[in-house]
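Everything below belongs to structure_9.pdb, which stores PDB, C-alpha atoms and all ligand atoms.
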MODEL        1
ATOM      1  CA  PRO A  22       9.724 -40.435   3.801  1.00  0.00           C
ATOM      2  CA  ARG A  23       8.277 -36.953   3.543  1.00  0.00           C
ATOM      3  CA  LEU A  24      10.117 -33.798   2.489  1.00  0.00           C
ATOM      4  CA  PHE A  25      10.143 -30.695   4.654  1.00  0.00           C
ATOM      5  CA  ALA A  26      11.753 -27.319   4.031  1.00  0.00           C
ATOM      6  CA  LEU A  27      13.337 -25.386   6.911  1.00  0.00           C
ATOM      7  CA  VAL A  28      14.144 -21.702   6.426  1.00  0.00           C
ATOM      8  CA  PRO A  29      16.440 -20.089   9.014  1.00  0.00           C
ATOM      9  CA  ALA A  30      15.401 -16.427   9.100  1.00  0.00           C
ATOM     10  CA  ALA A  31      16.668 -15.425  12.523  1.00  0.00           C
ATOM     11  CA  GLY A  32      19.808 -13.548  11.513  1.00  0.00           C
ATOM     12  CA  ILE A  33      20.321  -9.853  12.131  1.00  0.00           C
ATOM     13  CA  GLY A  34      21.831  -9.125   8.693  1.00  0.00           C
ATOM     14  CA  GLU A  35      24.802  -7.232  10.074  1.00  0.00           C
ATOM     15  CA  ARG A  36      26.697  -7.089   6.752  1.00  0.00           C
ATOM     16  CA  ALA A  37      23.714  -5.845   4.726  1.00  0.00           C
ATOM     17  CA  GLY A  38      23.674  -2.369   6.258  1.00  0.00           C
ATOM     18  CA  ALA A  39      19.846  -2.256   6.193  1.00  0.00           C
ATOM     19  CA  ALA A  40      17.709  -0.562   8.839  1.00  0.00           C
ATOM     20  CA  GLY A  41      16.105  -3.809  10.049  1.00  0.00           C
ATOM     21  CA  PRO A  42      16.697  -7.553   9.558  1.00  0.00           C
ATOM     22  CA  LYS A  43      17.365  -8.143   5.871  1.00  0.00           C
ATOM     23  CA  GLN A  44      14.657 -10.797   5.449  1.00  0.00           C
ATOM     24  CA  TYR A  45      12.095  -7.972   5.656  1.00  0.00           C
ATOM     25  CA  VAL A  46      13.791  -5.599   3.213  1.00  0.00           C
ATOM     26  CA  ASP A  47      11.510  -4.841   0.251  1.00  0.00           C
ATOM     27  CA  ILE A  48      12.504  -6.441  -3.032  1.00  0.00           C
ATOM     28  CA  GLY A  49      10.176  -5.759  -5.938  1.00  0.00           C
ATOM     29  CA  GLY A  50       7.300  -4.820  -3.602  1.00  0.00           C
ATOM     30  CA  LEU A  51       7.532  -7.773  -1.203  1.00  0.00           C
ATOM     31  CA  PRO A  52       9.780  -8.609   1.746  1.00  0.00           C
ATOM     32  CA  MET A  53      12.728 -10.783   0.743  1.00  0.00           C
ATOM     33  CA  LEU A  54      11.388 -13.658   2.872  1.00  0.00           C
ATOM     34  CA  ALA A  55       8.102 -13.702   0.899  1.00  0.00           C
ATOM     35  CA  HIS A  56       9.987 -14.426  -2.340  1.00  0.00           C
ATOM     36  CA  THR A  57      11.950 -17.212  -0.657  1.00  0.00           C
ATOM     37  CA  LEU A  58       8.819 -18.871   0.720  1.00  0.00           C
ATOM     38  CA  ALA A  59       6.944 -18.517  -2.590  1.00  0.00           C
ATOM     39  CA  ALA A  60       9.683 -20.452  -4.419  1.00  0.00           C
ATOM     40  CA  LEU A  61       9.513 -23.299  -1.882  1.00  0.00           C
ATOM     41  CA  ALA A  62       5.698 -23.299  -1.943  1.00  0.00           C
ATOM     42  CA  ALA A  63       5.878 -23.836  -5.720  1.00  0.00           C
ATOM     43  CA  VAL A  64       7.560 -27.234  -5.205  1.00  0.00           C
ATOM     44  CA  PRO A  65       4.689 -29.739  -4.768  1.00  0.00           C
ATOM     45  CA  ARG A  66       6.945 -32.483  -3.364  1.00  0.00           C
ATOM     46  CA  ILE A  67       7.666 -30.354  -0.274  1.00  0.00           C
ATOM     47  CA  ALA A  68       5.029 -31.318   2.317  1.00  0.00           C
ATOM     48  CA  GLN A  69       5.426 -28.207   4.476  1.00  0.00           C
ATOM     49  CA  THR A  70       7.871 -25.367   5.143  1.00  0.00           C
ATOM     50  CA  LEU A  71       8.925 -24.219   8.606  1.00  0.00           C
ATOM     51  CA  VAL A  72      10.303 -20.701   9.095  1.00  0.00           C
ATOM     52  CA  VAL A  73      12.627 -20.161  12.049  1.00  0.00           C
ATOM     53  CA  LEU A  74      12.439 -16.644  13.467  1.00  0.00           C
ATOM     54  CA  SER A  75      14.229 -14.960  16.319  1.00  0.00           C
ATOM     55  CA  PRO A  76      12.273 -15.042  19.622  1.00  0.00           C
ATOM     56  CA  ALA A  77      12.388 -11.211  19.457  1.00  0.00           C
ATOM     57  CA  ASP A  78      10.862 -11.038  15.950  1.00  0.00           C
ATOM     58  CA  ASP A  79       7.715  -8.893  16.019  1.00  0.00           C
ATOM     59  CA  ARG A  80       7.436  -8.222  12.291  1.00  0.00           C
ATOM     60  CA  PHE A  81       6.597 -11.515  10.602  1.00  0.00           C
ATOM     61  CA  GLU A  82       2.771 -11.497  10.816  1.00  0.00           C
ATOM     62  CA  ALA A  83       2.465  -7.919   9.538  1.00  0.00           C
ATOM     63  CA  ALA A  84       5.103  -8.374   6.820  1.00  0.00           C
ATOM     64  CA  LEU A  85       3.789 -11.712   5.491  1.00  0.00           C
ATOM     65  CA  PRO A  86       0.024 -11.726   6.116  1.00  0.00           C
ATOM     66  CA  GLY A  87      -1.711 -14.989   5.223  1.00  0.00           C
ATOM     67  CA  CYS A  88       1.522 -16.953   5.034  1.00  0.00           C
ATOM     68  CA  THR A  89       0.737 -20.692   5.190  1.00  0.00           C
ATOM     69  CA  ALA A  90       4.197 -21.850   6.270  1.00  0.00           C
ATOM     70  CA  TRP A  91       4.715 -23.073   9.825  1.00  0.00           C
ATOM     71  CA  VAL A  92       6.468 -20.522  12.036  1.00  0.00           C
ATOM     72  CA  ALA A  93       8.631 -21.123  15.116  1.00  0.00           C
ATOM     73  CA  ARG A  94      10.382 -18.441  17.152  1.00  0.00           C
ATOM     74  CA  VAL A  95      13.270 -20.693  18.126  1.00  0.00           C
ATOM     75  CA  GLY A  96      16.197 -18.927  16.452  1.00  0.00           C
ATOM     76  CA  GLY A  97      19.568 -19.042  18.205  1.00  0.00           C
ATOM     77  CA  ALA A  98      22.817 -17.083  18.277  1.00  0.00           C
ATOM     78  CA  SER A  99      24.211 -18.857  15.195  1.00  0.00           C
ATOM     79  CA  ARG A 100      22.706 -20.219  12.000  1.00  0.00           C
ATOM     80  CA  ALA A 101      23.442 -23.766  13.171  1.00  0.00           C
ATOM     81  CA  GLU A 102      21.535 -23.196  16.429  1.00  0.00           C
ATOM     82  CA  SER A 103      18.589 -21.744  14.526  1.00  0.00           C
ATOM     83  CA  VAL A 104      18.514 -24.823  12.282  1.00  0.00           C
ATOM     84  CA  LEU A 105      18.735 -27.165  15.295  1.00  0.00           C
ATOM     85  CA  GLY A 106      15.804 -25.332  16.894  1.00  0.00           C
ATOM     86  CA  GLY A 107      13.850 -25.751  13.669  1.00  0.00           C
ATOM     87  CA  LEU A 108      14.626 -29.474  13.445  1.00  0.00           C
ATOM     88  CA  ALA A 109      13.331 -29.977  16.990  1.00  0.00           C
ATOM     89  CA  GLU A 110      10.165 -28.091  16.039  1.00  0.00           C
ATOM     90  CA  LEU A 111       9.699 -30.329  12.964  1.00  0.00           C
ATOM     91  CA  ARG A 112       9.908 -33.365  15.273  1.00  0.00           C
ATOM     92  CA  ARG A 113       7.272 -31.829  17.572  1.00  0.00           C
ATOM     93  CA  ARG A 114       5.067 -31.543  14.504  1.00  0.00           C
ATOM     94  CA  GLY A 115       5.486 -35.201  13.590  1.00  0.00           C
ATOM     95  CA  ALA A 116       8.598 -35.401  11.385  1.00  0.00           C
ATOM     96  CA  THR A 117      10.838 -38.436  11.939  1.00  0.00           C
ATOM     97  CA  ASP A 118      14.507 -39.416  11.462  1.00  0.00           C
ATOM     98  CA  ASP A 119      13.975 -40.693   7.921  1.00  0.00           C
ATOM     99  CA  ASP A 120      12.176 -37.624   6.589  1.00  0.00           C
ATOM    100  CA  TRP A 121      14.192 -35.332   4.322  1.00  0.00           C
ATOM    101  CA  VAL A 122      14.810 -31.731   5.339  1.00  0.00           C
ATOM    102  CA  LEU A 123      15.771 -29.068   2.802  1.00  0.00           C
ATOM    103  CA  VAL A 124      17.432 -26.246   4.732  1.00  0.00           C
ATOM    104  CA  HIS A 125      17.314 -23.018   2.753  1.00  0.00           C
ATOM    105  CA  ASP A 126      18.662 -19.562   3.681  1.00  0.00           C
ATOM    106  CA  ALA A 127      15.947 -16.898   3.874  1.00  0.00           C
ATOM    107  CA  ALA A 128      18.503 -14.609   2.242  1.00  0.00           C
ATOM    108  CA  ARG A 129      18.604 -16.651  -1.012  1.00  0.00           C
ATOM    109  CA  CYS A 130      15.395 -15.079  -2.279  1.00  0.00           C
ATOM    110  CA  LEU A 131      16.040 -15.661  -5.995  1.00  0.00           C
ATOM    111  CA  LEU A 132      15.603 -19.403  -5.623  1.00  0.00           C
ATOM    112  CA  ARG A 133      13.768 -21.074  -8.522  1.00  0.00           C
ATOM    113  CA  PRO A 134      11.517 -24.115  -7.988  1.00  0.00           C
ATOM    114  CA  GLU A 135      13.262 -25.995 -10.832  1.00  0.00           C
ATOM    115  CA  TRP A 136      16.582 -25.877  -8.982  1.00  0.00           C
ATOM    116  CA  VAL A 137      14.890 -27.374  -5.924  1.00  0.00           C
ATOM    117  CA  ASP A 138      13.424 -30.104  -8.136  1.00  0.00           C
ATOM    118  CA  ALA A 139      16.890 -30.846  -9.541  1.00  0.00           C
ATOM    119  CA  LEU A 140      18.263 -31.195  -6.006  1.00  0.00           C
ATOM    120  CA  ILE A 141      15.446 -33.525  -4.954  1.00  0.00           C
ATOM    121  CA  ASP A 142      15.841 -35.635  -8.120  1.00  0.00           C
ATOM    122  CA  ALA A 143      19.585 -35.978  -7.483  1.00  0.00           C
ATOM    123  CA  CYS A 144      19.310 -36.771  -3.759  1.00  0.00           C
ATOM    124  CA  GLU A 145      16.092 -38.623  -2.989  1.00  0.00           C
ATOM    125  CA  HIS A 146      17.681 -42.011  -3.785  1.00  0.00           C
ATOM    126  CA  ASP A 147      21.119 -41.050  -2.462  1.00  0.00           C
ATOM    127  CA  ASP A 148      22.447 -42.468   0.817  1.00  0.00           C
ATOM    128  CA  VAL A 149      23.902 -39.141   1.962  1.00  0.00           C
ATOM    129  CA  GLY A 150      22.022 -36.205   0.403  1.00  0.00           C
ATOM    130  CA  GLY A 151      23.467 -33.062  -1.094  1.00  0.00           C
ATOM    131  CA  LEU A 152      23.325 -29.381  -1.823  1.00  0.00           C
ATOM    132  CA  LEU A 153      23.004 -26.814  -4.586  1.00  0.00           C
ATOM    133  CA  ALA A 154      26.362 -25.326  -5.502  1.00  0.00           C
ATOM    134  CA  GLN A 155      28.180 -23.470  -8.258  1.00  0.00           C
ATOM    135  CA  PRO A 156      31.671 -24.155  -9.663  1.00  0.00           C
ATOM    136  CA  VAL A 157      33.940 -21.209  -8.807  1.00  0.00           C
ATOM    137  CA  ALA A 158      34.881 -19.049 -11.824  1.00  0.00           C
ATOM    138  CA  ASP A 159      37.208 -16.539 -10.154  1.00  0.00           C
ATOM    139  CA  THR A 160      40.813 -17.188  -9.203  1.00  0.00           C
ATOM    140  CA  LEU A 161      40.776 -17.538  -5.426  1.00  0.00           C
ATOM    141  CA  LYS A 162      43.134 -15.662  -3.102  1.00  0.00           C
ATOM    142  CA  ALA A 163      43.721 -16.152   0.579  1.00  0.00           C
ATOM    143  CA  GLY A 164      44.276 -12.743   2.203  1.00  0.00           C
ATOM    144  CA  ASP A 165      45.858 -11.641   5.466  1.00  0.00           C
ATOM    145  CA  ALA A 166      44.709  -8.990   7.976  1.00  0.00           C
ATOM    146  CA  ASP A 167      46.355  -6.216   5.857  1.00  0.00           C
ATOM    147  CA  SER A 168      44.452  -7.289   2.724  1.00  0.00           C
ATOM    148  CA  ARG A 169      47.589  -8.701   1.137  1.00  0.00           C
ATOM    149  CA  VAL A 170      47.590 -11.984  -0.721  1.00  0.00           C
ATOM    150  CA  SER A 171      49.018 -14.806   1.324  1.00  0.00           C
ATOM    151  CA  ALA A 172      48.272 -17.547  -1.205  1.00  0.00           C
ATOM    152  CA  THR A 173      46.487 -18.381  -4.444  1.00  0.00           C
ATOM    153  CA  VAL A 174      44.111 -21.277  -4.004  1.00  0.00           C
ATOM    154  CA  ASP A 175      43.628 -23.814  -6.818  1.00  0.00           C
ATOM    155  CA  ARG A 176      40.097 -23.204  -8.041  1.00  0.00           C
ATOM    156  CA  ARG A 177      39.740 -26.236 -10.307  1.00  0.00           C
ATOM    157  CA  ASP A 178      37.903 -28.447  -7.832  1.00  0.00           C
ATOM    158  CA  LYS A 179      36.192 -25.627  -5.870  1.00  0.00           C
ATOM    159  CA  TRP A 180      32.463 -25.037  -5.652  1.00  0.00           C
ATOM    160  CA  ALA A 181      30.592 -22.258  -3.848  1.00  0.00           C
ATOM    161  CA  ALA A 182      28.047 -23.902  -1.538  1.00  0.00           C
ATOM    162  CA  GLN A 183      24.474 -22.652  -1.754  1.00  0.00           C
ATOM    163  CA  THR A 184      21.176 -23.839  -0.335  1.00  0.00           C
ATOM    164  CA  PRO A 185      18.843 -25.749  -0.208  1.00  0.00           C
ATOM    165  CA  GLN A 186      20.884 -28.504   1.419  1.00  0.00           C
ATOM    166  CA  MET A 187      18.984 -31.780   1.602  1.00  0.00           C
ATOM    167  CA  PHE A 188      19.663 -34.384   4.297  1.00  0.00           C
ATOM    168  CA  ARG A 189      17.703 -36.848   6.427  1.00  0.00           C
ATOM    169  CA  LEU A 190      16.415 -35.199   9.598  1.00  0.00           C
ATOM    170  CA  GLY A 191      18.062 -37.661  11.999  1.00  0.00           C
ATOM    171  CA  ARG A 192      21.463 -37.459  10.355  1.00  0.00           C
ATOM    172  CA  VAL A 193      21.642 -33.681   9.919  1.00  0.00           C
ATOM    173  CA  GLU A 194      20.524 -33.177  13.513  1.00  0.00           C
ATOM    174  CA  ARG A 195      23.239 -35.510  14.848  1.00  0.00           C
ATOM    175  CA  ALA A 196      25.797 -33.844  12.576  1.00  0.00           C
ATOM    176  CA  LEU A 197      24.959 -30.296  13.708  1.00  0.00           C
ATOM    177  CA  GLN A 198      24.879 -31.315  17.380  1.00  0.00           C
ATOM    178  CA  ALA A 199      28.368 -32.794  16.991  1.00  0.00           C
ATOM    179  CA  MET A 200      29.830 -29.767  15.205  1.00  0.00           C
ATOM    180  CA  GLY A 201      28.129 -27.026  17.207  1.00  0.00           C
ATOM    181  CA  ALA A 202      27.912 -23.355  16.280  1.00  0.00           C
ATOM    182  CA  ALA A 203      30.980 -23.562  14.017  1.00  0.00           C
ATOM    183  CA  ALA A 204      28.971 -25.107  11.172  1.00  0.00           C
ATOM    184  CA  THR A 205      28.115 -22.433   8.580  1.00  0.00           C
ATOM    185  CA  ASP A 206      26.108 -24.958   6.574  1.00  0.00           C
ATOM    186  CA  GLU A 207      24.576 -28.415   7.042  1.00  0.00           C
ATOM    187  CA  ALA A 208      26.905 -30.114   4.543  1.00  0.00           C
ATOM    188  CA  SER A 209      30.063 -29.237   6.492  1.00  0.00           C
ATOM    189  CA  ALA A 210      28.581 -30.905   9.572  1.00  0.00           C
ATOM    190  CA  VAL A 211      27.589 -33.998   7.563  1.00  0.00           C
ATOM    191  CA  GLU A 212      31.087 -34.085   6.010  1.00  0.00           C
ATOM    192  CA  ALA A 213      32.577 -34.088   9.501  1.00  0.00           C
ATOM    193  CA  LEU A 214      30.805 -37.446  10.000  1.00  0.00           C
ATOM    194  CA  GLY A 215      32.958 -38.783   7.139  1.00  0.00           C
ATOM    195  CA  LEU A 216      30.206 -38.583   4.506  1.00  0.00           C
ATOM    196  CA  ARG A 217      30.373 -36.972   1.058  1.00  0.00           C
ATOM    197  CA  PRO A 218      27.308 -34.937   0.085  1.00  0.00           C
ATOM    198  CA  ARG A 219      26.398 -34.664  -3.599  1.00  0.00           C
ATOM    199  CA  LEU A 220      27.024 -31.315  -5.368  1.00  0.00           C
ATOM    200  CA  VAL A 221      24.145 -30.267  -7.639  1.00  0.00           C
ATOM    201  CA  ARG A 222      24.817 -27.354  -9.964  1.00  0.00           C
ATOM    202  CA  ALA A 223      22.288 -24.496  -9.770  1.00  0.00           C
ATOM    203  CA  SER A 224      22.974 -20.908 -10.849  1.00  0.00           C
ATOM    204  CA  MET A 225      24.857 -17.815  -9.737  1.00  0.00           C
ATOM    205  CA  GLU A 226      21.406 -16.218  -9.412  1.00  0.00           C
ATOM    206  CA  ASN A 227      20.926 -18.304  -6.278  1.00  0.00           C
ATOM    207  CA  PHE A 228      23.272 -15.983  -4.382  1.00  0.00           C
ATOM    208  CA  LYS A 229      22.844 -15.012  -0.742  1.00  0.00           C
ATOM    209  CA  VAL A 230      21.784 -11.379  -0.344  1.00  0.00           C
ATOM    210  CA  THR A 231      24.501 -10.284   2.048  1.00  0.00           C
ATOM    211  CA  TRP A 232      26.120  -6.954   1.126  1.00  0.00           C
ATOM    212  CA  PRO A 233      24.336  -3.597   0.516  1.00  0.00           C
ATOM    213  CA  GLU A 234      24.821  -3.820  -3.280  1.00  0.00           C
ATOM    214  CA  ASP A 235      23.167  -7.260  -3.343  1.00  0.00           C
ATOM    215  CA  PHE A 236      19.735  -5.646  -2.862  1.00  0.00           C
ATOM    216  CA  THR A 237      20.148  -3.728  -6.137  1.00  0.00           C
ATOM    217  CA  LEU A 238      21.148  -6.896  -7.956  1.00  0.00           C
ATOM    218  CA  ALA A 239      18.230  -8.865  -6.474  1.00  0.00           C
ATOM    219  CA  ASN A 240      15.773  -6.121  -7.504  1.00  0.00           C
ATOM    220  CA  ARG A 241      17.085  -6.108 -11.078  1.00  0.00           C
ATOM    221  CA  LEU A 242      16.977  -9.884 -11.426  1.00  0.00           C
ATOM    222  CA  LEU A 243      13.417 -10.050 -10.091  1.00  0.00           C
ATOM    223  CA  ALA A 244      12.303  -7.249 -12.414  1.00  0.00           C
ATOM    224  CA  ALA A 245      13.864  -9.108 -15.376  1.00  0.00           C
ATOM    225  CA  ARG A 246      11.933 -12.272 -14.508  1.00  0.00           C
ATOM    226  CA  ARG A 247       8.552 -10.542 -14.675  1.00  0.00           C
TER     227      ARG A 247
HETATM  228  O1  LIG B   1      24.658 -15.269   8.534  1.00  0.00           O
HETATM  229  P1  LIG B   1      24.432 -16.091   7.317  1.00  0.00           P
HETATM  230  O2  LIG B   1      24.612 -15.299   6.045  1.00  0.00           O
HETATM  231  O3  LIG B   1      25.133 -17.393   7.294  1.00  0.00           O
HETATM  232  O4  LIG B   1      22.873 -16.413   7.357  1.00  0.00           O
HETATM  233  C1  LIG B   1      22.281 -17.333   6.472  1.00  0.00           C
HETATM  234  C2  LIG B   1      20.820 -17.511   6.880  1.00  0.00           C
HETATM  235  O5  LIG B   1      20.762 -17.995   8.218  1.00  0.00           O
HETATM  236  C3  LIG B   1      20.012 -16.198   6.844  1.00  0.00           C
HETATM  237  O6  LIG B   1      18.788 -16.462   6.193  1.00  0.00           O
HETATM  238  C4  LIG B   1      19.840 -15.840   8.300  1.00  0.00           C
HETATM  239  O7  LIG B   1      18.615 -15.190   8.577  1.00  0.00           O
HETATM  240  C5  LIG B   1      19.893 -17.191   8.994  1.00  0.00           C
HETATM  241  N1  LIG B   1      20.400 -17.087  10.384  1.00  0.00           N
HETATM  242  C6  LIG B   1      19.607 -17.568  11.443  1.00  0.00           C
HETATM  243  N2  LIG B   1      20.059 -17.450  12.742  1.00  0.00           N
HETATM  244  C7  LIG B   1      21.242 -16.877  13.018  1.00  0.00           C
HETATM  245  C8  LIG B   1      22.063 -16.403  11.959  1.00  0.00           C
HETATM  246  C9  LIG B   1      21.622 -16.519  10.639  1.00  0.00           C
HETATM  247  O8  LIG B   1      18.514 -18.069  11.199  1.00  0.00           O
HETATM  248  N3  LIG B   1      21.617 -16.754  14.294  1.00  0.00           N
ENDMDL
END
Show me this structure written as structure tokens.
Ligand code: C5P
Amino acid sequence: PRLFALVPAAGIGERAGAAGPKQYVDIGGLPMLAHTLAALAAVPRIAQTLVVLSPADDRFEAALPGCTAWVARVGGASRAESVLGGLAELRRRGATDDDWVLVHDAARCLLRPEWVDALIDACEHDDVGGLLAQPVADTLKAGDADSRVSATVDRRDKWAAQTPQMFRLGRVERALQAMGAAATDEASAVEALGLRPRLVRASMENFKVTWPEDFTLANRLLAARR
């Protein structure tokens, strides 16, 4: 089987408070999406990467000139729909049920190739597949609409799910079709089939740029890596 990467980049970045979609916000001189794609391109075992854009996206070619990834403007109203559109596009380009797909959020632009390698090493001989994740360090609270604590959640067995998430194309497609737009990641859809994806520890640096202050943090981390 071959390995493909699929990058959903069709969100509007509502929570980020940026002027345009957050995947094009400048981080260290390049759009966020360029950093994400560079990390995936540095993993030789990945045969090709497909970027899923919104049908209305008119910025990609100017923002990422010379990008060698495949591009499909098949994004949907939810992340799950964007991923399903991307999986169908991978099939059109020759991918089959048994091929592996690593779905990775465009917004996790601090990805390091070695974490992707660790995920592939852990999952390529696994029946189910798995995801990068980080054990939760904070004490977890459930809160109500008035921002009052309604419960403290036992953190001991909790992990924060990240991406990439690596599953066989046929299985993850069936799983997402069954769960619909409610799936906020691929693993939750695969779990709903009764399967137990493998958790592969990565790093807190693999966070999803989501809130306005995350851009500052991403800039500092990238500067420190140079
Ligand atoms: O909204 P969320 O933080 O879950 O988005 C995670 C990733 O999914 C982002 O990279 C975003 O661009 C992408 N996304 C998408 N299509 C949507 C919503 C989000 O491709 N409709």
Quiz item: In Å to one decimal, how far is CA of Thr70 (chain A) from CA of Thr184 (chain A)?
Solution: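 Distance reported for this atom pair: 14.5 Å.
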Contacts of region 133-143 of chain A within 6 Å, all atoms listed in the file, excl. fewer than 5 positions in-chain, as a tab-separated table (two decimals) with C-alpha atoms, in the frame of the given file:
chain	number	residue	atom	x	y	z
A	60	ALA	CA	9.68	-20.45	-4.42
A	64	VAL	CA	7.56	-27.23	-5.20
A	223	ALA	CA	22.29	-24.50	-9.77
Self-check item: Selected residue, from A:Pro185, A:Pro156, A:Gly164, A:Gly150, that lies nearest to ligand LIG 1 (chain B) when counting all atoms listed in the file
Solution: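 Among A:Pro185, A:Pro156, A:Gly164, A:Gly150, it is A:Pro185 that comes nearest to ligand LIG 1 (chain B).
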Show me, as JSON lines, the residues of chain A having an atom within 9 Å of ligand LIG 1 (chain B), each with the closest atom pair and its distance in Å, using only C-alpha atoms and all ligand atoms.
{"residue": "A:Val28", "atom": "CA", "partner": "B:LIG1", "partner_atom": "O6", "distance": 7.0}
{"residue": "A:Pro29", "atom": "CA", "partner": "B:LIG1", "partner_atom": "O8", "distance": 3.6}
{"residue": "A:Ala30", "atom": "CA", "partner": "B:LIG1", "partner_atom": "O7", "distance": 3.5}
{"residue": "A:Ala31", "atom": "CA", "partner": "B:LIG1", "partner_atom": "O8", "distance": 3.5}
{"residue": "A:Gly32", "atom": "CA", "partner": "B:LIG1", "partner_atom": "O7", "distance": 3.6}
{"residue": "A:Ile33", "atom": "CA", "partner": "B:LIG1", "partner_atom": "O7", "distance": 6.6}
{"residue": "A:Gly34", "atom": "CA", "partner": "B:LIG1", "partner_atom": "O1", "distance": 6.8}
{"residue": "A:Glu35", "atom": "CA", "partner": "B:LIG1", "partner_atom": "O1", "distance": 8.2}
{"residue": "A:Arg36", "atom": "CA", "partner": "B:LIG1", "partner_atom": "O2", "distance": 8.5}
{"residue": "A:Pro42", "atom": "CA", "partner": "B:LIG1", "partner_atom": "O7", "distance": 7.9}
{"residue": "A:Lys43", "atom": "CA", "partner": "B:LIG1", "partner_atom": "O7", "distance": 7.7}
{"residue": "A:Gln44", "atom": "CA", "partner": "B:LIG1", "partner_atom": "O7", "distance": 6.7}
{"residue": "A:Leu54", "atom": "CA", "partner": "B:LIG1", "partner_atom": "O6", "distance": 8.6}
{"residue": "A:Val72", "atom": "CA", "partner": "B:LIG1", "partner_atom": "O8", "distance": 8.9}
{"residue": "A:Val73", "atom": "CA", "partner": "B:LIG1", "partner_atom": "O8", "distance": 6.3}
{"residue": "A:Leu74", "atom": "CA", "partner": "B:LIG1", "partner_atom": "O8", "distance": 6.6}
{"residue": "A:Ser75", "atom": "CA", "partner": "B:LIG1", "partner_atom": "N2", "distance": 7.3}
{"residue": "A:Gly96", "atom": "CA", "partner": "B:LIG1", "partner_atom": "N2", "distance": 5.6}
{"residue": "A:Gly97", "atom": "CA", "partner": "B:LIG1", "partner_atom": "N3", "distance": 5.0}
{"residue": "A:Ala98", "atom": "CA", "partner": "B:LIG1", "partner_atom": "N3", "distance": 4.2}
{"residue": "A:Ser99", "atom": "CA", "partner": "B:LIG1", "partner_atom": "N3", "distance": 3.5}
{"residue": "A:Arg100", "atom": "CA", "partner": "B:LIG1", "partner_atom": "C7", "distance": 3.8}
{"residue": "A:Ala101", "atom": "CA", "partner": "B:LIG1", "partner_atom": "N2", "distance": 7.2}
{"residue": "A:Glu102", "atom": "CA", "partner": "B:LIG1", "partner_atom": "N3", "distance": 6.8}
{"residue": "A:Ser103", "atom": "CA", "partner": "B:LIG1", "partner_atom": "N2", "distance": 4.9}
{"residue": "A:Val104", "atom": "CA", "partner": "B:LIG1", "partner_atom": "O8", "distance": 6.8}
{"residue": "A:His125", "atom": "CA", "partner": "B:LIG1", "partner_atom": "O6", "distance": 7.5}
{"residue": "A:Asp126", "atom": "CA", "partner": "B:LIG1", "partner_atom": "O6", "distance": 4.0}
{"residue": "A:Ala127", "atom": "CA", "partner": "B:LIG1", "partner_atom": "O6", "distance": 3.7}
{"residue": "A:Ala128", "atom": "CA", "partner": "B:LIG1", "partner_atom": "O6", "distance": 4.4}
{"residue": "A:Arg129", "atom": "CA", "partner": "B:LIG1", "partner_atom": "O6", "distance": 7.2}
{"residue": "A:Thr205", "atom": "CA", "partner": "B:LIG1", "partner_atom": "O3", "distance": 6.0}
{"residue": "A:Asp206", "atom": "CA", "partner": "B:LIG1", "partner_atom": "O3", "distance": 7.7}
{"residue": "A:Lys229", "atom": "CA", "partner": "B:LIG1", "partner_atom": "O2", "distance": 7.0}
{"residue": "A:Val230", "atom": "CA", "partner": "B:LIG1", "partner_atom": "O2", "distance": 8.0}
{"residue": "A:Thr231", "atom": "CA", "partner": "B:LIG1", "partner_atom": "O2", "distance": 6.4}
Self-check item: Target residues per the PyMOL selection byres (((chain A and resi 235) around 12) and not hetatm), formatted as a ChimeraX atom specification
Solution: /A:36-39,43,46,48,53,128-131,226-234,236-242
Write the residues you've just listed into a file as a tab-separated table (two decimals), in the frame of the given file, and include C-alpha atoms for each of them.
chain	number	residue	atom	x	y	z
A	36	ARG	CA	26.70	-7.09	6.75
A	37	ALA	CA	23.71	-5.84	4.73
A	38	GLY	CA	23.67	-2.37	6.26
A	39	ALA	CA	19.85	-2.26	6.19
A	43	LYS	CA	17.36	-8.14	5.87
A	46	VAL	CA	13.79	-5.60	3.21
A	48	ILE	CA	12.50	-6.44	-3.03
A	53	MET	CA	12.73	-10.78	0.74
A	128	ALA	CA	18.50	-14.61	2.24
A	129	ARG	CA	18.60	-16.65	-1.01
A	130	CYS	CA	15.40	-15.08	-2.28
A	131	LEU	CA	16.04	-15.66	-6.00
A	226	GLU	CA	21.41	-16.22	-9.41
A	227	ASN	CA	20.93	-18.30	-6.28
A	228	PHE	CA	23.27	-15.98	-4.38
A	229	LYS	CA	22.84	-15.01	-0.74
A	230	VAL	CA	21.78	-11.38	-0.34
A	231	THR	CA	24.50	-10.28	2.05
A	232	TRP	CA	26.12	-6.95	1.13
A	233	PRO	CA	24.34	-3.60	0.52
A	234	GLU	CA	24.82	-3.82	-3.28
A	236	PHE	CA	19.74	-5.65	-2.86
A	237	THR	CA	20.15	-3.73	-6.14
A	238	LEU	CA	21.15	-6.90	-7.96
A	239	ALA	CA	18.23	-8.86	-6.47
A	240	ASN	CA	15.77	-6.12	-7.50
A	241	ARG	CA	17.08	-6.11	-11.08
A	242	LEU	CA	16.98	-9.88	-11.43
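Take the candidates A:Glu212, A:Asp47, A:Glu207, A:Asp178 and check each one against Leu161 (chain A) using all atoms listed in the file; the shortest distance goes to A:Asp178.
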Self-check item: Atomic separation - CA of Val124 (chain A) relative to CA of Gly107 (chain A), Å
Solution: 9.6 Å
Practice problem: Could you give me, as a list in words, the residues within 10 Å of Lys162 (chain A), counting all atoms listed in the file and dropping anything in the same chain fewer than 5 positions from it? | Solution: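 So the residues in contact are Arg169, Val170, Ser171, Ala172, Thr173, Val174, Asp175 and Arg176 of chain A.
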Would you compute the box with edges along x, y and z of the file around region 49-61 of chain A, including every atom the file lists for it and 3 Å extra on each side, and give its centre and edge lengths in Å to one decimal, as JSON?
{"center_x": 9.8, "center_y": -14.1, "center_z": -1.5, "size_x": 11.8, "size_y": 24.5, "size_z": 14.8}
